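What follows is a set of notes on a single structure, which appears directly below.
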Amino acid sequence: MTQGATPPLALAPMMAEQLQRWLDAERAARDRSHHTIVAYQADLLAFLSFLGGYHATPALPQTLGQLTQSDMRAFAAAERGRGLSARSLARRLSAVRSFIRWMSDRHGFDASKALASRGPKFTRSLPRPLAPEQALELLDIAAESHREPWIAARDTAVLTLLYGCGLRISEALQLDGSDWPLREALTIRGKGQKERQVPVLPVARAAIAEYLRLSPWPVQGDAPLFRGARGARLNPSVLAGAMRTMRQSLGLPPTATPHALRHSFATHLLAAGGDLRTIQELLGHASLSTTQVYTGVDDARLLSVYRAAHPRS
């Protein structure tokens with residue numbers, strides 16, 4: 001804390017209880033993930049702490065009932081002043097509005113003024129997928145990326161799952177021995193514990209079979225399928241480091257991360273004629289608007305081709 005700064009006021013017990021009830025409701029009714037709940041808690045603690053300092057008294061339910069658009073703008077300005085990005089602020093304000101709406105339903109106050117406030121505008125950054133040939137080159141070089149053949153085969157298998165099935169790296173590394181042998185469709189439990197069925201390509205099944213053939217660790221039902229050098233569940237940072245070495249060998253940009261293979265999966269499906277709703281299901285997106293960002297990637301590629309090829313461009 002900087003010298004002369006006013007220390008944050010303690011959260012009123014009544015408000016702390018209400019906040020916990022809201023978080024419990026979000027977790028149970030909307031099946032929010034642990035990470036989302038932690039983020040929401042941080043968002044609301046920041047907001048309630050701001051209100052306490054702004055009004056020089058800990059925030060209470062009636063404080064929320066008296067909020068105006070000016071109060072909300074003051075909070076937004078304070079958060080931007082602390083260096084919060086427009087994107088992060090928009091998410092924070094969304095959580096705050098949800099909490100205020102929930103509180104207004106239970107305490108019977110009019111929250112229309114606070115809820116009328118708008119979040120900051122920001123440009124959603126487009127995913128940075130690899131070109132199809134780059135993705136294939138990456139998978140080829142992965143087979144020679146480590147002096148230990150089983151580790152090279154392991155990295156190849158995981159990367160093939162990310163690109164071939166569109167998995168998040170956390171989803172791939174959560175697979176256990178009981179998931180082997182992979183069936184034609186794999187049941188994946190993603191964000192918020194939501195389950196989805198993902199088709200498994202024969203090339204992905206073959207890559208995992210080769211890794212298991214070379215691995216010094218036996219396949220055990222309750223043990224991780226992908227193991228680190230000492231037998232524990234493979235850490236995502238290990239794969240990220242291997243990917244960093246591979247992309248440097250191929251001259252790929254820093255955006256060529258393991259997660260970029262998931263972006264590549266979606267973008268290449270869309271370019272080949274896949275429909276957004278199907279891609280949404282394959283990726284496990286809760287909202288179609290999240291998946292629609294890939295149409296921007298495809299449009300950008302088409303515009304690039306147009307500008308390069310059209311004689312009047």
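Ordering of the structure tokens sets the chain letters (A, B, ...), residue numbers begin anew at 1 in every chain, and ligands are numbered from 1 in the order given.
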At a cut-off of 7 Å, using only C-alpha atoms, what residues contact Ile188 (chain A)? Leave out same-chain residues fewer than 5 positions from it and give the result as a PyMOL selection string. chain A and resi 171+195-197
Please provide as an NGL selection string all residues within 9 Å of Leu130 (chain A), with the sequence filter that same-chain residues fewer than 6 positions apart are discarded (counting only C-alpha atoms). :A and (252 or 255-256 or 260-261 or 263-264)
Pick out the closest residue to Pro149 (chain A) from this set: A:Met14, A:Leu214, A:Leu44, A:Ala76. Count only C-alpha atoms.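 The answer is A:Leu214, which sits nearest to Pro149 (chain A).
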Which one of A:Glu184, A:Asp43, A:Asp110, A:Asp176 sits closest to Val219 (chain A) if you count only C-alpha atoms?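 Among the listed residues, the smallest separation from Val219 (chain A) belongs to A:Asp176.
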What's the 9 Å shell around region 68-70 of chain A, counting only C-alpha atoms, without same-chain residues fewer than 6 positions away, as a list of chain:residue names?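 Neighbouring residues, sequence-local ones excluded: A:Ala111, A:Ser112, A:Lys113, A:Ala114, A:Leu115, A:Ala116, A:Ser117, A:Arg118.
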Step one, run DSSP on the backbone; step two, keep only residues of region 51-283 of chain A assigned to strand (DSSP E); then write them as a ChimeraX atom specification. /A:185-189,195-199
